[in-house]
>>> print(open('entry19.cif').read())   # mmCIF, C-alpha atoms (C1' of nucleotides)
data_upload
loop_
_atom_site.label_atom_id
_atom_site.label_comp_id
_atom_site.auth_asym_id
_atom_site.auth_seq_id
_atom_site.Cartn_x
_atom_site.Cartn_y
_atom_site.Cartn_z
CA MET I 285 93.26 143.62 93.90
CA MET I 286 94.65 142.70 90.53
CA LEU I 287 92.37 141.16 87.94
CA ASP I 288 93.71 139.71 84.76
CA SER I 289 91.57 140.73 81.84
CA GLU I 290 92.64 137.75 79.83
CA THR I 291 91.11 135.02 81.90
CA LYS I 292 92.15 131.57 80.92
CA ALA I 293 89.19 129.33 80.27
CA VAL I 294 90.25 126.61 82.61
CA GLU I 295 93.21 126.82 84.93
CA LEU I 296 94.37 123.56 86.38
CA PRO I 297 93.75 123.63 90.12
CA ASP I 298 96.60 125.87 91.20
CA ASP I 299 99.33 123.80 89.69
CA HIS I 300 102.38 126.00 89.79
CA ALA I 301 104.84 123.17 90.09
CA ASP I 302 106.05 123.38 86.49
CA GLU I 303 107.04 127.00 86.78
CA LEU I 304 108.87 126.27 90.00
CA ARG I 305 110.79 123.46 88.36
CA LEU I 306 111.61 125.74 85.47
CA TRP I 307 112.95 128.36 87.85
CA LEU I 308 115.13 125.85 89.64
CA ARG I 309 116.53 124.60 86.38
CA LEU I 310 117.23 128.13 85.21
CA LEU I 311 119.01 128.83 88.47
CA THR I 312 121.06 125.66 88.24
CA CYS I 313 122.20 126.49 84.71
CA THR I 314 123.20 130.00 85.64
CA ASN I 315 125.02 128.88 88.77
CA LEU I 316 126.90 126.22 86.85
CA ILE I 317 128.08 128.65 84.20
CA GLU I 318 128.79 131.41 86.67
CA GLY I 319 130.83 129.09 88.88
CA GLU I 320 132.78 127.87 85.90
CA VAL I 321 133.51 131.40 84.69
CA ARG I 322 134.45 132.48 88.18
CA GLY I 323 136.90 129.61 88.54
CA ARG I 324 138.50 130.16 85.15
CA LEU I 325 138.87 133.91 85.70
CA ARG I 326 140.60 133.28 89.00
CA GLU I 327 142.78 130.53 87.62
CA ARG I 328 143.84 132.27 84.41
CA PHE I 329 143.86 135.93 85.41
CA ASP I 330 143.51 136.03 89.19
CA VAL I 331 140.53 138.33 88.87
CA THR I 332 137.06 138.09 90.40
CA LEU I 333 133.82 137.97 88.41
CA PRO I 334 132.45 141.28 89.77
CA ARG I 335 135.65 143.05 88.77
CA PHE I 336 135.45 141.53 85.31
CA ASP I 337 131.80 142.52 84.96
CA LEU I 338 132.50 146.08 85.99
CA MET I 339 135.35 146.35 83.51
CA ALA I 340 133.10 144.90 80.81
CA GLN I 341 130.60 147.70 81.38
CA LEU I 342 133.32 150.32 81.17
CA ASP I 343 134.83 148.81 78.04
CA LYS I 344 131.56 149.55 76.26
CA ALA I 345 131.64 153.18 77.41
CA PRO I 346 134.80 154.91 76.17
CA ASP I 347 133.63 158.19 77.66
CA GLY I 348 133.22 156.66 81.08
CA MET I 349 130.22 156.07 83.28
CA THR I 350 128.94 157.40 86.56
CA LEU I 351 128.69 155.10 89.54
CA SER I 352 124.91 155.21 89.29
CA ASP I 353 125.03 154.09 85.67
CA VAL I 354 127.22 151.17 86.63
CA SER I 355 124.96 150.30 89.53
CA LYS I 356 121.90 150.16 87.26
CA ARG I 357 123.62 148.24 84.49
CA MET I 358 125.07 145.66 86.83
CA MET I 359 121.89 145.46 88.87
CA VAL I 360 123.74 145.81 92.16
CA SER I 361 123.51 148.32 94.97
CA ASN I 362 125.24 151.69 95.03
CA GLY I 363 127.32 150.86 98.07
CA ASN I 364 128.56 147.76 96.36
CA VAL I 365 129.85 149.72 93.39
CA THR I 366 131.64 152.19 95.66
CA GLY I 367 133.76 149.42 97.13
CA LEU I 368 134.38 147.65 93.85
CA VAL I 369 135.53 150.83 92.15
CA GLU I 370 137.73 151.70 95.10
CA ARG I 371 139.65 148.46 94.74
CA LEU I 372 139.93 148.72 90.96
CA VAL I 373 141.24 152.28 91.15
CA GLU I 374 143.70 151.12 93.78
CA SER I 375 144.98 148.38 91.47
CA GLY I 376 145.37 150.80 88.56
CA HIS I 377 142.63 149.39 86.33
CA LEU I 378 140.31 152.34 86.69
CA ASP I 379 140.58 156.08 86.55
CA ARG I 380 138.15 158.13 88.59
CA ARG I 381 137.40 161.82 88.52
CA THR I 382 134.74 164.16 89.77
CA SER I 383 132.44 165.56 87.11
CA GLU I 384 133.10 169.19 86.14
CA THR I 385 129.44 170.06 85.94
CA ASP I 386 128.10 168.22 88.97
CA ARG I 387 130.38 167.70 91.89
CA ARG I 388 128.28 164.87 93.29
CA VAL I 389 129.08 162.74 90.27
CA GLN I 390 132.11 160.48 89.90
CA VAL I 391 133.04 159.48 86.36
CA ILE I 392 135.08 156.31 86.01
CA ARG I 393 136.94 154.93 83.00
CA LEU I 394 139.29 152.10 82.22
CA THR I 395 142.93 153.13 82.26
CA LYS I 396 144.98 152.22 79.22
CA SER I 397 146.50 149.21 80.95
CA GLY I 398 143.15 148.30 82.46
CA ARG I 399 141.58 148.25 79.03
CA ALA I 400 144.39 146.19 77.56
CA GLU I 401 144.11 143.67 80.35
CA PHE I 402 140.35 143.48 80.02
CA ARG I 403 140.51 142.87 76.25
CA LYS I 404 142.80 139.93 76.81
CA MET I 405 140.47 138.46 79.40
CA ALA I 406 137.35 139.13 77.37
CA ALA I 407 138.67 137.33 74.32
CA GLU I 408 139.32 134.19 76.30
CA HIS I 409 136.10 134.53 78.26
CA GLN I 410 134.13 134.47 75.04
CA THR I 411 135.67 131.20 73.97
CA TRP I 412 134.81 129.65 77.34
CA ILE I 413 131.19 130.65 76.96
CA SER I 414 131.08 129.39 73.42
CA ASP I 415 132.54 126.09 74.54
CA MET I 416 130.01 125.73 77.36
CA PHE I 417 127.11 126.22 74.94
CA GLY I 418 128.80 123.97 72.42
CA ASP I 419 126.09 121.31 72.30
CA LEU I 420 123.40 123.81 71.33
CA SER I 421 122.60 124.21 67.65
CA PRO I 422 122.23 127.71 66.20
CA LYS I 423 118.51 127.06 66.20
CA ASP I 424 118.59 126.12 69.90
CA VAL I 425 120.45 129.34 70.62
CA ARG I 426 117.90 131.44 68.74
CA GLU I 427 115.02 129.68 70.45
CA LEU I 428 116.53 130.13 73.90
CA MET I 429 117.14 133.80 73.17
CA ARG I 430 113.53 134.21 72.21
CA LEU I 431 112.13 132.39 75.23
CA LEU I 432 114.41 134.20 77.64
CA ALA I 433 113.40 137.54 76.17
CA LYS I 434 109.78 136.59 76.74
CA THR I 435 110.63 135.48 80.27
CA LYS I 436 112.42 138.74 81.00
CA GLY I 437 109.39 140.71 79.89
CA SER I 438 107.09 138.59 81.99
CA VAL I 439 109.22 138.98 85.11
CA GLN I 440 109.48 142.73 84.67
CA LYS I 441 105.73 142.97 84.33
CA SER I 442 105.27 141.01 87.52
CA ALA I 443 107.84 143.14 89.31
CA ARG I 444 106.04 146.31 88.24
CA ARG I 445 102.76 144.88 89.51
CA ARG I 446 104.33 144.34 92.91
CA ALA I 447 105.99 147.73 92.98
CA GLY I 448 102.64 149.26 92.07
CA GLU I 449 100.86 147.51 94.91
CA ALA I 450 103.25 149.01 97.43
CA ARG I 451 101.80 152.49 96.95
CA MET F 209 134.12 142.83 69.30
CA MET F 210 135.81 146.21 68.85
CA LEU F 211 139.55 146.26 68.73
CA ASP F 212 141.87 149.05 69.68
CA SER F 213 140.91 152.34 68.07
CA GLU F 214 144.19 152.40 66.14
CA THR F 215 143.44 149.01 64.70
CA LYS F 216 140.66 148.29 62.30
CA ALA F 217 137.58 146.66 63.78
CA VAL F 218 137.34 143.16 62.41
CA GLU F 219 134.70 140.49 62.77
CA LEU F 220 136.53 137.28 63.35
CA PRO F 221 135.39 134.39 61.14
CA ASP F 222 134.74 132.13 64.15
CA ASP F 223 132.19 134.34 65.79
CA HIS F 224 131.07 133.45 69.32
CA ALA F 225 129.05 136.58 69.87
CA ASP F 226 125.67 134.82 69.85
CA GLU F 227 126.57 132.51 72.67
CA LEU F 228 127.88 135.43 74.68
CA ARG F 229 124.65 137.34 74.16
CA LEU F 230 122.71 134.26 75.20
CA TRP F 231 124.74 133.95 78.38
CA LEU F 232 124.17 137.61 79.25
CA ARG F 233 120.46 137.24 78.68
CA LEU F 234 120.33 134.10 80.81
CA LEU F 235 122.17 135.92 83.56
CA THR F 236 119.87 138.92 83.38
CA CYS F 237 116.78 136.75 83.67
CA THR F 238 118.14 134.86 86.64
CA ASN F 239 119.26 138.04 88.39
CA LEU F 240 115.88 139.66 87.84
CA ILE F 241 114.00 136.74 89.30
CA GLU F 242 116.46 136.20 92.10
CA GLY F 243 116.35 139.85 93.09
CA GLU F 244 112.58 139.81 93.07
CA VAL F 245 112.41 136.67 95.20
CA ARG F 246 115.02 138.06 97.57
CA GLY F 247 113.06 141.27 98.03
CA ARG F 248 109.74 139.53 98.57
CA LEU F 249 111.21 137.06 101.07
CA ARG F 250 112.70 139.91 103.04
CA GLU F 251 109.57 142.02 102.86
CA ARG F 252 107.05 139.28 103.71
CA PHE F 253 109.03 137.01 106.00
CA ASP F 254 112.21 138.86 106.90
CA VAL F 255 114.28 135.94 105.71
CA THR F 256 117.24 135.79 103.33
CA LEU F 257 117.35 133.73 100.16
CA PRO F 258 120.22 131.47 101.28
CA ARG F 259 118.33 130.62 104.47
CA PHE F 260 115.22 129.85 102.44
CA ASP F 261 117.19 127.68 100.02
CA LEU F 262 118.77 125.73 102.83
CA MET F 263 115.42 125.12 104.48
CA ALA F 264 114.03 124.02 101.11
CA GLN F 265 116.68 121.34 100.87
CA LEU F 266 115.94 120.11 104.37
CA ASP F 267 112.20 120.07 103.81
CA LYS F 268 112.76 117.43 101.13
CA ALA F 269 114.80 115.31 103.53
CA PRO F 270 112.74 114.36 106.59
CA ASP F 271 115.59 112.25 107.94
CA GLY F 272 118.00 115.15 107.76
CA MET F 273 121.12 115.79 105.75
CA THR F 274 124.80 116.11 106.43
CA LEU F 275 126.53 119.43 105.85
CA SER F 276 128.36 117.95 102.86
CA ASP F 277 125.08 116.89 101.28
CA VAL F 278 123.73 120.38 101.69
CA SER F 279 126.91 121.88 100.30
CA LYS F 280 126.71 119.74 97.15
CA ARG F 281 123.01 120.31 96.63
CA MET F 282 123.22 124.05 97.06
CA MET F 283 126.44 124.26 95.05
CA VAL F 284 128.16 126.39 97.68
CA SER F 285 131.32 125.89 99.70
CA ASN F 286 131.55 123.89 102.90
CA GLY F 287 132.56 126.83 105.02
CA ASN F 288 129.57 128.74 103.79
CA VAL F 289 127.20 126.03 104.98
CA THR F 290 128.86 125.95 108.39
CA GLY F 291 128.01 129.60 108.99
CA LEU F 292 124.55 129.41 107.50
CA VAL F 293 123.60 126.42 109.63
CA GLU F 294 125.04 128.07 112.72
CA ARG F 295 122.69 131.03 112.35
CA LEU F 296 119.66 128.87 111.57
CA VAL F 297 120.29 126.67 114.61
CA GLU F 298 120.66 129.82 116.67
CA SER F 299 117.29 131.10 115.48
CA GLY F 300 115.58 127.79 116.26
CA HIS F 301 114.82 126.75 112.70
CA LEU F 302 117.28 123.88 112.60
CA ASP F 303 118.28 121.03 114.82
CA ARG F 304 121.84 119.75 114.64
CA ARG F 305 123.37 116.60 116.04
CA THR F 306 126.52 114.58 115.60
CA SER F 307 126.08 111.29 113.78
CA GLU F 308 126.19 108.20 116.00
CA THR F 309 128.18 106.19 113.52
CA ASP F 310 130.65 108.79 112.34
CA ARG F 311 131.62 111.54 114.70
CA ARG F 312 132.90 113.77 111.88
CA VAL F 313 129.38 114.05 110.50
CA GLN F 314 126.78 116.63 111.55
CA VAL F 315 123.17 115.77 110.72
CA ILE F 316 120.80 118.72 110.49
CA ARG F 317 116.99 118.76 110.30
CA LEU F 318 114.23 121.31 110.34
CA THR F 319 112.69 121.76 113.75
CA LYS F 320 108.93 121.49 113.99
CA SER F 321 108.48 125.24 114.01
CA GLY F 322 111.12 125.66 111.34
CA ARG F 323 109.24 123.30 109.06
CA ALA F 324 105.93 125.03 109.68
CA GLU F 325 107.44 128.39 108.92
CA PHE F 326 109.11 127.10 105.78
CA ARG F 327 105.90 125.57 104.45
CA LYS F 328 104.14 128.90 104.77
CA MET F 329 106.92 130.68 102.93
CA ALA F 330 107.20 128.00 100.26
CA ALA F 331 103.52 128.18 99.37
CA GLU F 332 103.69 131.88 98.77
CA HIS F 333 107.03 131.63 97.04
CA GLN F 334 105.54 129.26 94.49
CA THR F 335 102.80 131.71 93.58
CA TRP F 336 105.40 134.45 93.07
CA ILE F 337 107.34 132.27 90.67
CA SER F 338 104.21 131.30 88.83
CA ASP F 339 103.24 134.93 88.52
CA MET F 340 106.64 135.91 87.19
CA PHE F 341 106.45 133.26 84.47
CA GLY F 342 102.86 134.18 83.80
CA ASP F 343 103.32 135.26 80.18
CA LEU F 344 104.79 131.93 79.16
CA SER F 345 102.46 129.36 77.65
CA PRO F 346 102.66 125.74 78.83
CA LYS F 347 104.41 125.03 75.57
CA ASP F 348 106.96 127.78 76.23
CA VAL F 349 107.60 126.30 79.64
CA ARG F 350 108.16 122.84 78.23
CA GLU F 351 110.44 124.17 75.53
CA LEU F 352 112.48 126.18 77.99
CA MET F 353 112.81 123.16 80.26
CA ARG F 354 114.09 121.13 77.34
CA LEU F 355 116.60 123.72 76.17
CA LEU F 356 117.88 124.39 79.66
CA ALA F 357 118.37 120.68 80.25
CA LYS F 358 120.40 120.55 77.07
CA THR F 359 122.35 123.59 78.18
CA LYS F 360 123.06 122.08 81.58
CA GLY F 361 124.44 118.95 79.96
CA SER F 362 126.60 120.98 77.61
CA VAL F 363 128.04 123.07 80.43
CA GLN F 364 128.79 120.03 82.56
CA LYS F 365 130.58 118.42 79.66
CA SER F 366 132.67 121.54 79.16
CA ALA F 367 133.43 121.72 82.88
CA ARG F 368 134.57 118.11 82.88
CA ARG F 369 136.82 118.83 79.93
CA ARG F 370 138.48 121.61 81.87
CA ALA F 371 138.80 119.57 85.05
CA GLY F 372 140.32 116.81 82.97
CA GLU F 373 142.90 119.13 81.44
CA ALA F 374 144.15 120.12 84.88
CA ARG F 375 145.68 116.72 85.47
"C1'" DC T 66 147.62 96.96 114.01
"C1'" DC T 67 149.88 100.99 112.22
"C1'" DG T 68 150.25 104.86 109.62
"C1'" DA T 69 149.09 107.26 105.33
"C1'" DA T 70 145.34 108.90 102.78
"C1'" DT T 71 140.76 110.44 102.74
"C1'" DT T 72 136.65 112.51 104.40
"C1'" DT T 73 134.00 115.88 107.15
"C1'" DC T 74 133.73 119.84 109.07
"C1'" DT T 75 135.66 124.42 110.98
"C1'" DT T 76 138.45 128.44 110.76
"C1'" DT T 77 140.56 132.38 108.60
"C1'" DA T 78 141.33 136.14 105.49
"C1'" DG T 79 139.56 138.63 102.11
"C1'" DG T 80 136.15 140.10 99.16
"C1'" DC T 81 131.20 140.71 97.72
"C1'" DT T 82 126.50 142.22 98.75
"C1'" DT T 83 122.53 144.36 100.72
"C1'" DC T 84 119.91 147.69 103.34
"C1'" DA T 85 119.61 151.69 105.86
"C1'" DA T 86 121.32 155.87 107.39
"C1'" DG T 87 124.23 159.71 106.45
"C1'" DT T 88 126.64 163.62 103.74
"C1'" DA T 89 127.16 166.72 100.02
"C1'" DA T 90 125.54 168.91 95.82
"C1'" DT T 91 121.91 170.24 92.81
"C1'" DT T 92 117.20 171.38 91.45
"C1'" DG T 93 112.93 173.53 91.57
"C1'" DG T 94 108.96 175.91 93.74
"C1'" DC T 95 108.00 180.06 95.90
"C1'" DG V 214 117.30 184.46 96.96
"C1'" DC V 215 115.75 180.70 100.08
"C1'" DC V 216 114.83 176.22 101.47
"C1'" DA V 217 112.64 171.72 100.83
"C1'" DA V 218 113.09 167.82 97.95
"C1'" DT V 219 115.83 165.11 95.19
"C1'" DT V 220 119.99 162.98 93.50
"C1'" DA V 221 124.73 160.91 93.86
"C1'" DC V 222 127.55 158.83 96.46
"C1'" DT V 223 129.65 156.96 101.01
"C1'" DT V 224 129.56 154.62 105.33
"C1'" DG V 225 128.42 151.01 108.64
"C1'" DA V 226 126.51 146.78 110.21
"C1'" DA V 227 125.35 142.38 109.11
"C1'" DG V 228 125.36 138.59 106.39
"C1'" DC V 229 126.94 135.78 102.37
"C1'" DC V 230 130.66 133.51 99.86
"C1'" DT V 231 135.09 131.46 98.44
"C1'" DA V 232 139.64 129.40 98.67
"C1'" DA V 233 142.93 127.59 101.47
"C1'" DA V 234 144.65 125.71 105.55
"C1'" DG V 235 143.78 123.08 109.54
"C1'" DA V 236 141.69 119.66 113.00
"C1'" DA V 237 139.39 115.45 113.97
"C1'" DA V 238 137.62 111.01 112.68
"C1'" DT V 239 137.51 107.19 109.67
"C1'" DT V 240 139.23 103.98 106.18
"C1'" DC V 241 142.31 101.00 104.12
"C1'" DG V 242 146.69 98.92 102.42
"C1'" DG V 243 150.20 96.37 104.13
#
>>> encode(input="entry19.cif", output="structure tokens")
Amino acid sequence: MMLDSETKAVELPDDHADELRLWLRLLTCTNLIEGEVRGRLRERFDVTLPRFDLMAQLDKAPDGMTLSDVSKRMMVSNGNVTGLVERLVESGHLDRRTSETDRRVQVIRLTKSGRAEFRKMAAEHQTWISDMFGDLSPKDVRELMRLLAKTKGSVQKSARRRAGEAR
Amino acid sequence: MMLDSETKAVELPDDHADELRLWLRLLTCTNLIEGEVRGRLRERFDVTLPRFDLMAQLDKAPDGMTLSDVSKRMMVSNGNVTGLVERLVESGHLDRRTSETDRRVQVIRLTKSGRAEFRKMAAEHQTWISDMFGDLSPKDVRELMRLLAKTKGSVQKSARRRAGEAR
DNA sequence: CCGAATTTCTTTAGGCTTCAAGTAATTGGC
DNA sequence: GCCAATTACTTGAAGCCTAAAGAAATTCGG
């Protein structure tokens, strides 16, 4: 049983409604943006969001990444990455080779043309995002960054608590 | 952003990097929470998140909803709802009938047992969310709500601009 | 009334995603 | 060296999801 050492003096009688509303609003915002990005990527470049995300990871790693690295970074399952990579190699965006030192490991990189194509997409993508956040002042942006960082930490702590319980 | 290795890396004057970082952080937070909720729903109730979300919509509508209503509320495609509803009717959680006044329309409701099961899940779900946001003060929560509302408005405005352009 | 346009839902094809089980390669204790 | 455990990835089954095309019912202008 988990006990919080920092006990709040008075907790309102189990009112968790605010947090729930916050979560729903967070989800709505993300879905709105994600849907918009998805649609624009398809419309402008005929590419899916997962493909774009994978290429974005690889663009930051000139020496390539293993499938496990990608899986962790993208927070998706291993099997998922296998399929995604398969299709991107097929279409010539990715290059894949078995590691010299560990034959279990597959190292993937962007091909030259894959990288060029990604850079074009990324530049436009960034302007879309900037446009979508257009109404927020620089101060709003900073404040949101701060609060989301705090949120992330809080969620991770909670997730660790749960993972710990499962022992 | 880095340019081609042959070219010199240049920071463009109109820098949108902050907004991009904000978007990535927002996405990370949402994914973390969503993944956690997904895992707990599966573990505790052997139910998927989309099923839970659909039941949540119906719980708020005692008189039922049409598939189109659900589709709009959940921000997913029509065809998606068709399949989701099919499986939930199959499992006895939902009741589905054709509207008396318009035979194109399907009205779906929670069954008695479906509602009971949902209420149990929802109660626990709310405590998970509350726990995950546990490190945020009431003031943080309010501030996040405010900023996300502003963000939502900004994104919708941008989306309308795009939709308008497509004429 | 008639037919064109619209609305509601379903179907289809393809892709994404997870979990769980399986295979292959490596590591580490003995 | 040997073999059990671990790690990296793949496969398979099921479900989720979208866009696009299609079917059925309704609405509305003329």
>>> calpha_fit_rmsd(input="entry19.cif", fixed="chain I", moving="chain F")
6.4 Å
>>> atom_distance(input="entry19.cif", atom1="CA of Leu342 in chain I", atom2="CA of Gly376 in chain I")
14.1 Å
>>> resolve_selection(input="entry19.cif", expression="the PyMOL selection byres ((chain F) within 8 of (chain V))", output="number ranges by chain")
F: 284-285, 288, 310-312
>>> resolve_selection(input="entry19.cif", expression="the PyMOL selection byres ((chain F and resi 230-240) around 7)", output="list in words")
Leu310, Leu311, Thr314, Met429, Leu432 and Lys436 of chain I; Asp226, Glu227, Leu228, Arg229, Ile241, Glu242, Gly243 and Glu244 of chain F
>>> interface_residues(input="entry19.cif", of="chain T", to="chain I", cutoff="10 Å", atoms="only C-alpha atoms (C1' of nucleotides)", output="list in words")
DG80, DC81, DT82, DT83, DC84, DA89, DA90 and DT91 of chain T
>>> resolve_selection(input="entry19.cif", expression="the PyMOL selection byres ((chain F and resi 339) around 12)", output="PyMOL selection string")
(chain I and resi 286+288+298-301+303-304+307+435+438-446) or (chain F and resi 241+244-245+332-338+340-344)
>>> atom_distance(input="entry19.cif", atom1="CA of Ile392 in chain I", atom2="CA of Leu378 in chain I")
6.6 Å
>>> atom_distance(input="entry19.cif", atom1="CA of Asp303 in chain F", atom2="CA of Arg252 in chain F")
24.1 Å
>>> residues_near_point(input="entry19.cif", point="(116.4, 129.3, 115.6)", cutoff="12 Å", atoms="all atoms listed in the file", output="ChimeraX atom specification")
/F:259,263,292-304,317-323,325
>>> write_last_selection(input="entry19.cif", atoms="C-alpha atoms", output="mmCIF file, in the coordinates of the input")
data_model
loop_
_atom_site.group_PDB
_atom_site.id
_atom_site.type_symbol
_atom_site.label_atom_id
_atom_site.label_comp_id
_atom_site.auth_asym_id
_atom_site.auth_seq_id
_atom_site.Cartn_x
_atom_site.Cartn_y
_atom_site.Cartn_z
ATOM 1 C CA ARG F 259 118.330 130.620 104.470
ATOM 2 C CA MET F 263 115.420 125.120 104.480
ATOM 3 C CA LEU F 292 124.550 129.410 107.500
ATOM 4 C CA VAL F 293 123.600 126.420 109.630
ATOM 5 C CA GLU F 294 125.040 128.070 112.720
ATOM 6 C CA ARG F 295 122.690 131.030 112.350
ATOM 7 C CA LEU F 296 119.660 128.870 111.570
ATOM 8 C CA VAL F 297 120.290 126.670 114.610
ATOM 9 C CA GLU F 298 120.660 129.820 116.670
ATOM 10 C CA SER F 299 117.290 131.100 115.480
ATOM 11 C CA GLY F 300 115.580 127.790 116.260
ATOM 12 C CA HIS F 301 114.820 126.750 112.700
ATOM 13 C CA LEU F 302 117.280 123.880 112.600
ATOM 14 C CA ASP F 303 118.280 121.030 114.820
ATOM 15 C CA ARG F 304 121.840 119.750 114.640
ATOM 16 C CA ARG F 317 116.990 118.760 110.300
ATOM 17 C CA LEU F 318 114.230 121.310 110.340
ATOM 18 C CA THR F 319 112.690 121.760 113.750
ATOM 19 C CA LYS F 320 108.930 121.490 113.990
ATOM 20 C CA SER F 321 108.480 125.240 114.010
ATOM 21 C CA GLY F 322 111.120 125.660 111.340
ATOM 22 C CA ARG F 323 109.240 123.300 109.060
ATOM 23 C CA GLU F 325 107.440 128.390 108.920
#
>>> closest_residue(input="entry19.cif", among="I:Arg326, I:Val354, I:Met359, I:Val391", to="chain F", atoms="only C-alpha atoms")
I:Met359
